[in-house]
Amino acid sequence: MIILGIETSCDETAAAIVELVDKNKGAKILSNVVASSADMHAKTGGIIPEEAARNQVESIIPVVQEALINAFNDISGIRDLKSGISKIDAIAVTYGPGLIGSLLVGVETAKTLSLMWNKPLIPVNHLVAHIYANFVVHDDPQPACADRSTNNNPPKFPALSLVVSGGHTDMVMVHSHGDIKWIGGTRDDAAGEAFDKTARLLGLPYPGGPAISKEADKYLEMNSDSLDLFPRPMIGSDDFDWSFSGLKTSVLNYTKQNSDINVPHLSAEIQEAIVDVLVKKSIKAVEKYNPKSFILSGGVSANNRLKEKFHEEFKNRETKFFAPQPKLSTDNAVAIAACAFYYDDKKPWEEVDANPELEIV
Ligand code: KG4
Ligand code: ZN
């Protein structure tokens with residue numbers, strides 16, 4: 001089965017062609033195209049929804065076209081896309097959550113293609129799809145050492161998953177495909193949002209996560225002092241919830257009270273505070289639920305420090321740790337198509353609508 005995935009929930013415009021031969025092995029990437037307007041948003045310090053959507057309207061067709069050309073390399077040019085299109089069994093698209101203008105670009109494009117090409121349409125929940133980035137066959141023969149999760153087979157159930165993105169921080173228990181229970185989440189800002197907002201306070205560009213991580217690495221290369229400048233709210237609470245808005249206030253107060261700001265040091269402190277609470281609460285959940293797999297997912301799963309700490313924690317545990325290949329951590333269409341394989345929830349195009357407020361369950 002071959003699926004065309006389309007993802008436009010935030011500032012990325014992505015299309016991918018993915019093939020599934022064996023559900024026990026995971027989905028195989030045939031092509032993966034991501035066009036980002038992050039450079040544009042870096043200049044404004046954050047996403048301007050209207051600008052993001054306009055950009056997506058312009059790039060969606062070229063991106064889908066490139067995904068088709070890259071997947072079916074017997075195709076030489078625009079006029080010869082037909083044989084590639086005929087190999088596609090279904091179209092999968094993110095229908096929420098996300099920015100309404102952005103979501104509409106992907107959803108309406110997918111509906112139009114579904115009607116034009118007479119292919120079934122599978123609407124996909126973006127947050128659930130992040131988990132399915134871990135159900136994709138690794139195609140990098142020499143993965144970076146920070147990404148040592150080169151498990152050849154997909155995660156086994158029951159699995160706990162921590163979905164950490166720019167807008168969400170959710171801990172869920174996945175009993176089987178489609179059977180997901182929410183067990184905790186953030187009470188205010190998402191973990192990615194905490195990276196983005198504190199980065200801005202340090203004068204670092206959007207998106208803040210990679211920028212903070214890069215600065216933190218500079219500090220961590222030279223120092224091994226403990227990093228405990230900022231508070232870890234709710235770290236000892238009995239639930240599986242987080243709170244990140246206090247971190248932003250602490251960083252703001254610190255920058256107001258101190259004139260000589262050491263950006264690499266503060267970045268390492270911010271990263272450590274976020275990573276610390278994410279890891280501690282996750283391990284508490286692992287001890288309570290004893291899952292077969294622990295699946296890290298969402299944009300923040302690109303963070304090397306977070307992955308290193310999890311790898312360390314899972315070294316001597318029976319629960320197997322999974323993190324996506326780095327290129328599949330942040331928003332992409334491979335995860336959307338992979339999720340569609342396992343859910344296979346085909347809908348007539350007339351019944352598919354964007355839902356910006358969709359939750360993970
Ligand atoms: O999943 P994602 O690509 O988009 C949403 O669904 O929100 O996540 C984006 C978030 C941003 O907040 C970004 O700062 C964060 O993921 N992020 C990172 C890293 N790369 C992206 N956070 C920490 N370290 C990173 N290396
Ligand atoms: Zn995302």
# chains A, B, ... in the order shown; residues from 1 in each chain; ligands from 1

call {"tool": "residues_near_ligand", "arguments": {"ligand": "ligand 1", "cutoff": "9 Å", "atoms": "only C-alpha atoms and all ligand atoms", "output": "PyMOL selection string"}}
result
chain A and resi 9-12+97-98+126-127+130+163-168+190-197+199+206-214+271+297-306+326+328-332

call {"tool": "write_last_selection", "arguments": {"atoms": "C-alpha atoms", "output": "short mmCIF file (atom, residue, chain, number, x, y, z; two decimals), in the first residue's frame"}}
result
data_model
loop_
_atom_site.label_atom_id
_atom_site.label_comp_id
_atom_site.auth_asym_id
_atom_site.auth_seq_id
_atom_site.Cartn_x
_atom_site.Cartn_y
_atom_site.Cartn_z
CA SER A 9 -0.71 22.39 10.45
CA CYS A 10 1.80 25.08 11.42
CA ASP A 11 4.56 26.76 9.39
CA GLU A 12 5.70 23.74 7.38
CA PRO A 97 -4.83 20.55 15.64
CA GLY A 98 -3.07 23.60 14.27
CA HIS A 126 -1.33 15.61 13.93
CA LEU A 127 -0.49 14.73 17.55
CA HIS A 130 3.94 12.40 15.83
CA VAL A 163 4.32 13.90 22.78
CA VAL A 164 6.26 17.14 23.13
CA SER A 165 5.68 19.77 20.48
CA GLY A 166 5.37 23.53 20.11
CA GLY A 167 1.75 23.56 21.20
CA HIS A 168 1.30 20.35 23.22
CA ALA A 190 3.91 23.40 26.12
CA ALA A 191 7.56 22.33 26.42
CA GLY A 192 8.36 23.58 22.90
CA GLU A 193 6.63 26.86 23.70
CA ALA A 194 8.85 27.19 26.80
CA PHE A 195 11.92 26.80 24.55
CA ASP A 196 10.51 29.32 22.05
CA LYS A 197 9.53 31.95 24.63
CA ALA A 199 14.85 31.83 23.55
CA TYR A 206 12.57 31.32 16.31
CA PRO A 207 12.24 28.36 16.62
CA GLY A 208 13.79 28.57 20.07
CA GLY A 209 14.40 24.85 20.71
CA PRO A 210 17.20 24.28 18.21
CA ALA A 211 18.70 27.71 19.01
CA ILE A 212 18.80 27.04 22.77
CA SER A 213 20.14 23.54 22.19
CA LYS A 214 22.99 24.91 20.03
CA GLN A 271 17.30 23.19 28.57
CA SER A 297 7.73 12.19 19.84
CA GLY A 298 6.98 15.75 18.68
CA GLY A 299 9.37 18.55 17.73
CA VAL A 300 11.13 18.65 21.11
CA SER A 301 12.17 15.01 20.57
CA ALA A 302 14.86 16.48 18.28
CA ASN A 303 16.62 17.66 21.44
CA ASN A 304 19.83 15.69 21.93
CA ARG A 305 20.10 16.32 25.66
CA LEU A 306 16.55 14.98 26.13
CA PRO A 326 15.96 13.44 13.66
CA LEU A 328 11.03 13.00 11.57
CA SER A 329 10.97 14.71 14.98
CA THR A 330 9.65 18.03 13.75
CA ASP A 331 6.63 18.39 11.49
CA ASN A 332 6.72 16.23 8.37
#

call {"tool": "residues_around", "arguments": {"residues": "Gly5 in chain A", "least_positions_apart": "4", "cutoff": "7 Å", "atoms": "only C-alpha atoms", "output": "PyMOL selection string"}}
result
chain A and resi 15-17+91-93+333-334+336-337

call {"tool": "atom_distance", "arguments": {"atom1": "CA of Phe230 in chain A", "atom2": "CA of Ser161 in chain A"}}
result
26.0 Å

call {"tool": "residues_around", "arguments": {"residues": "Val57 in chain A", "least_positions_apart": "3", "cutoff": "12 Å", "atoms": "only C-alpha atoms", "output": "list in words"}}
result
Thr8, Asp11, Glu12, Thr13, Ala14, Ala35, Ser37, Glu50, Glu51, Ala52, Ala53, Arg54, Ile60, Ile61, Pro62, Val63, Val64, Gly101, Ser102, Leu103, Leu104, Val105, Gly106, Val107, Glu108 and Thr109 of chain A

call {"tool": "residues_around", "arguments": {"residues": "range 25-29 of chain A", "least_positions_apart": "2", "cutoff": "8 Å", "atoms": "only C-alpha atoms", "output": "PyMOL selection string"}}
result
chain A and resi 16-23+31-32+135-137+139+152-154+334+338

call {"tool": "write_last_selection", "arguments": {"atoms": "C-alpha atoms", "output": "tab-separated table (two decimals), in the first residue's frame"}}
result
chain	number	residue	atom	x	y	z
A	16	ALA	CA	5.65	12.52	1.48
A	17	ILE	CA	5.09	9.23	-0.26
A	18	VAL	CA	5.34	6.24	2.05
A	19	GLU	CA	4.97	2.52	1.41
A	20	LEU	CA	3.82	-0.15	3.82
A	21	VAL	CA	4.53	-3.76	3.00
A	22	ASP	CA	4.53	-5.27	6.50
A	23	LYS	CA	2.85	-3.63	9.53
A	31	SER	CA	10.02	10.59	-0.58
A	32	ASN	CA	9.91	13.28	2.10
A	135	PHE	CA	6.77	3.42	13.06
A	136	VAL	CA	8.98	4.32	10.12
A	137	VAL	CA	11.89	2.17	8.92
A	139	ASP	CA	16.70	4.86	6.20
A	152	ASN	CA	14.72	-2.13	13.55
A	153	ASN	CA	11.14	-2.90	14.45
A	154	PRO	CA	8.38	-0.53	15.49
A	334	VAL	CA	5.99	10.90	6.52
A	338	ALA	CA	2.59	6.27	8.46

call {"tool": "select_by_dssp", "arguments": {"residues": "range 121-288 of chain A", "states": "helix (DSSP H, G or I)", "output": "number ranges by chain"}}
result
A: 126-135, 191-201, 208-222, 245-257, 263-288

call {"tool": "closest_residue", "arguments": {"among": "A:Ser176, A:Thr198, A:Ser237, A:Asn355", "to": "Pro291 in chain A", "atoms": "only C-alpha atoms"}}
result
A:Ser176

call {"tool": "atom_distance", "arguments": {"atom1": "CA of Ala354 in chain A", "atom2": "CA of Ile295 in chain A"}}
result
26.6 Å

call {"tool": "residues_around", "arguments": {"residues": "Phe72 in chain A", "least_positions_apart": "4", "cutoff": "8 Å", "atoms": "only C-alpha atoms", "output": "PDB file with N, CA, C and O atoms, in the first residue's frame"}}
result
ATOM      1  N   LEU A  30       9.420   6.715   0.673  1.00  0.00           N
ATOM      2  CA  LEU A  30       9.775   6.806  -0.747  1.00  0.00           C
ATOM      3  C   LEU A  30      10.188   8.232  -1.098  1.00  0.00           C
ATOM      4  O   LEU A  30      11.040   8.449  -1.947  1.00  0.00           O
ATOM      5  N   LEU A  68       6.121  13.503  -5.459  1.00  0.00           N
ATOM      6  CA  LEU A  68       5.800  12.500  -6.485  1.00  0.00           C
ATOM      7  C   LEU A  68       7.031  12.196  -7.346  1.00  0.00           C
ATOM      8  O   LEU A  68       7.359  11.025  -7.594  1.00  0.00           O
ATOM      9  N   GLY A  84       3.074   7.830 -11.621  1.00  0.00           N
ATOM     10  CA  GLY A  84       3.299   7.901 -10.166  1.00  0.00           C
ATOM     11  C   GLY A  84       1.979   7.994  -9.429  1.00  0.00           C
ATOM     12  O   GLY A  84       1.730   7.254  -8.471  1.00  0.00           O
TER      13      GLY A  84
END

call {"tool": "select_by_dssp", "arguments": {"residues": "range 145-261 of chain A", "states": "strand (DSSP E)", "output": "short mmCIF file (atom, residue, chain, number, x, y, z; two decimals) with C-alpha atoms, in the first residue's frame"}}
result
data_model
loop_
_atom_site.label_atom_id
_atom_site.label_comp_id
_atom_site.auth_asym_id
_atom_site.auth_seq_id
_atom_site.Cartn_x
_atom_site.Cartn_y
_atom_site.Cartn_z
CA ALA A 159 3.39 1.80 24.99
CA LEU A 160 3.70 5.04 26.87
CA SER A 161 4.24 8.06 24.68
CA LEU A 162 5.42 11.54 25.54
CA VAL A 163 4.32 13.90 22.78
CA VAL A 164 6.26 17.14 23.13
CA THR A 169 2.89 18.29 25.97
CA ASP A 170 0.92 15.10 26.47
CA MET A 171 1.62 11.78 28.13
CA VAL A 172 -0.53 9.01 26.71
CA MET A 173 -0.86 5.28 27.08
CA VAL A 174 -1.21 3.50 23.74
CA HIS A 175 -2.82 0.08 24.21
CA SER A 176 -3.14 -0.66 20.50
CA ASP A 179 -6.77 2.84 21.60
CA ILE A 180 -5.10 5.79 23.32
CA LYS A 181 -5.68 7.05 26.89
CA TRP A 182 -4.49 10.46 28.07
CA ILE A 183 -2.74 10.31 31.43
CA GLY A 184 -1.23 13.77 31.81
CA GLY A 185 -0.11 16.97 30.18
#

call {"tool": "residues_around", "arguments": {"residues": "Ile122 in chain A", "least_positions_apart": "5", "cutoff": "12 Å", "atoms": "only C-alpha atoms", "output": "VMD selection string"}}
result
chain A and resid 3 to 6 89 to 95 107 110 to 111 114 336 to 353

call {"tool": "write_last_selection", "arguments": {"atoms": "N, CA, C and O atoms", "output": "compact mmCIF listing (two decimals), in the first residue's frame"}}
result
# COMPACT_ATOMS: atom_id res chain seq x y z
N ILE A 3 0.90 5.50 0.28
CA ILE A 3 0.09 6.65 0.69
C ILE A 3 0.84 7.96 0.44
O ILE A 3 2.04 8.06 0.72
N LEU A 4 0.11 8.95 -0.04
CA LEU A 4 0.64 10.31 -0.13
C LEU A 4 0.19 11.03 1.13
O LEU A 4 -1.01 11.10 1.42
N GLY A 5 1.14 11.54 1.92
CA GLY A 5 0.81 12.29 3.14
C GLY A 5 0.97 13.78 2.89
O GLY A 5 1.88 14.19 2.18
N ILE A 6 0.07 14.56 3.51
CA ILE A 6 0.15 16.02 3.39
C ILE A 6 0.04 16.63 4.79
O ILE A 6 -0.84 16.26 5.57
N ASP A 89 -2.36 4.64 -3.33
CA ASP A 89 -3.60 3.98 -2.93
C ASP A 89 -4.53 4.90 -2.14
O ASP A 89 -5.73 4.69 -2.10
N ALA A 90 -3.95 5.88 -1.42
CA ALA A 90 -4.79 6.78 -0.61
C ALA A 90 -4.02 8.06 -0.32
O ALA A 90 -2.80 8.11 -0.44
N ILE A 91 -4.78 9.09 0.09
CA ILE A 91 -4.17 10.37 0.47
C ILE A 91 -4.48 10.59 1.95
O ILE A 91 -5.63 10.46 2.38
N ALA A 92 -3.43 10.91 2.74
CA ALA A 92 -3.62 11.19 4.17
C ALA A 92 -3.30 12.65 4.41
O ALA A 92 -2.36 13.19 3.84
N VAL A 93 -4.10 13.28 5.27
CA VAL A 93 -3.87 14.71 5.53
C VAL A 93 -4.12 15.05 7.00
O VAL A 93 -5.02 14.50 7.62
N THR A 94 -3.29 15.94 7.54
CA THR A 94 -3.51 16.46 8.90
C THR A 94 -4.77 17.32 8.89
O THR A 94 -4.86 18.28 8.13
N TYR A 95 -5.74 16.97 9.78
CA TYR A 95 -6.94 17.84 9.84
C TYR A 95 -6.98 18.63 11.14
O TYR A 95 -7.87 19.45 11.36
N VAL A 107 -5.88 20.53 3.96
CA VAL A 107 -7.13 19.78 3.89
C VAL A 107 -7.82 20.00 2.53
O VAL A 107 -8.24 19.04 1.87
N ALA A 110 -5.88 18.26 -0.23
CA ALA A 110 -6.06 16.81 -0.18
C ALA A 110 -7.44 16.41 -0.70
O ALA A 110 -7.60 15.42 -1.41
N LYS A 111 -8.46 17.18 -0.32
CA LYS A 111 -9.82 16.89 -0.79
C LYS A 111 -9.91 17.01 -2.32
O LYS A 111 -10.51 16.18 -2.99
N SER A 114 -8.12 14.14 -3.89
CA SER A 114 -8.92 12.92 -3.68
C SER A 114 -10.03 12.83 -4.74
O SER A 114 -10.28 11.78 -5.34
N ILE A 336 2.51 11.49 8.98
CA ILE A 336 1.06 11.56 8.69
C ILE A 336 0.66 10.32 7.88
O ILE A 336 -0.32 9.64 8.19
N ALA A 337 1.47 10.01 6.85
CA ALA A 337 1.16 8.84 6.01
C ALA A 337 1.32 7.55 6.81
O ALA A 337 0.49 6.64 6.71
N ALA A 338 2.36 7.49 7.65
CA ALA A 338 2.59 6.27 8.46
C ALA A 338 1.42 6.03 9.40
O ALA A 338 0.94 4.90 9.55
N CYS A 339 0.94 7.09 10.02
CA CYS A 339 -0.21 6.98 10.94
C CYS A 339 -1.44 6.48 10.18
O CYS A 339 -2.18 5.62 10.66
N ALA A 340 -1.62 6.98 8.96
CA ALA A 340 -2.78 6.59 8.15
C ALA A 340 -2.78 5.09 7.84
O ALA A 340 -3.84 4.46 7.80
N PHE A 341 -1.58 4.51 7.66
CA PHE A 341 -1.50 3.06 7.41
C PHE A 341 -2.12 2.28 8.57
O PHE A 341 -2.87 1.33 8.37
N TYR A 342 -1.74 2.69 9.78
CA TYR A 342 -2.16 1.93 10.96
C TYR A 342 -3.60 2.22 11.36
O TYR A 342 -4.25 1.39 11.97
N TYR A 343 -4.09 3.41 11.05
CA TYR A 343 -5.47 3.77 11.39
C TYR A 343 -6.42 3.42 10.26
O TYR A 343 -7.52 2.94 10.49
N ASP A 344 -5.98 3.70 9.02
CA ASP A 344 -6.73 3.37 7.82
C ASP A 344 -8.22 3.76 7.91
O ASP A 344 -9.10 2.97 7.61
N ASP A 345 -8.45 4.99 8.38
CA ASP A 345 -9.80 5.46 8.63
C ASP A 345 -10.27 6.30 7.43
O ASP A 345 -10.33 7.52 7.49
N LYS A 346 -10.61 5.62 6.34
CA LYS A 346 -10.96 6.33 5.10
C LYS A 346 -12.30 7.05 5.23
O LYS A 346 -13.24 6.53 5.82
N LYS A 347 -12.35 8.27 4.69
CA LYS A 347 -13.59 9.07 4.77
C LYS A 347 -13.88 9.65 3.39
O LYS A 347 -12.95 10.01 2.65
N PRO A 348 -15.17 9.80 3.04
CA PRO A 348 -15.47 10.52 1.80
C PRO A 348 -14.98 11.97 1.96
O PRO A 348 -15.07 12.53 3.05
N TRP A 349 -14.47 12.56 0.89
CA TRP A 349 -13.87 13.90 1.04
C TRP A 349 -14.84 14.92 1.60
O TRP A 349 -14.46 15.83 2.31
N GLU A 350 -16.14 14.73 1.34
CA GLU A 350 -17.14 15.70 1.84
C GLU A 350 -17.19 15.73 3.36
O GLU A 350 -17.64 16.69 3.97
N GLU A 351 -16.72 14.64 4.00
CA GLU A 351 -16.82 14.56 5.47
C GLU A 351 -15.55 15.03 6.19
O GLU A 351 -15.47 14.96 7.41
N VAL A 352 -14.57 15.46 5.44
CA VAL A 352 -13.31 15.84 6.09
C VAL A 352 -13.23 17.37 6.23
O VAL A 352 -13.32 18.10 5.25
N ASP A 353 -13.10 17.82 7.48
CA ASP A 353 -12.98 19.25 7.75
C ASP A 353 -11.82 19.51 8.70
O ASP A 353 -11.51 18.67 9.55

call {"tool": "atom_distance", "arguments": {"atom1": "CA of Pro231 in chain A", "atom2": "CA of Ser243 in chain A"}}
result
10.7 Å

call {"tool": "closest_residue", "arguments": {"among": "A:Asp239, A:Glu215, A:Val124, A:Thr249", "to": "Ile360 in chain A", "atoms": "only C-alpha atoms"}}
result
A:Val124
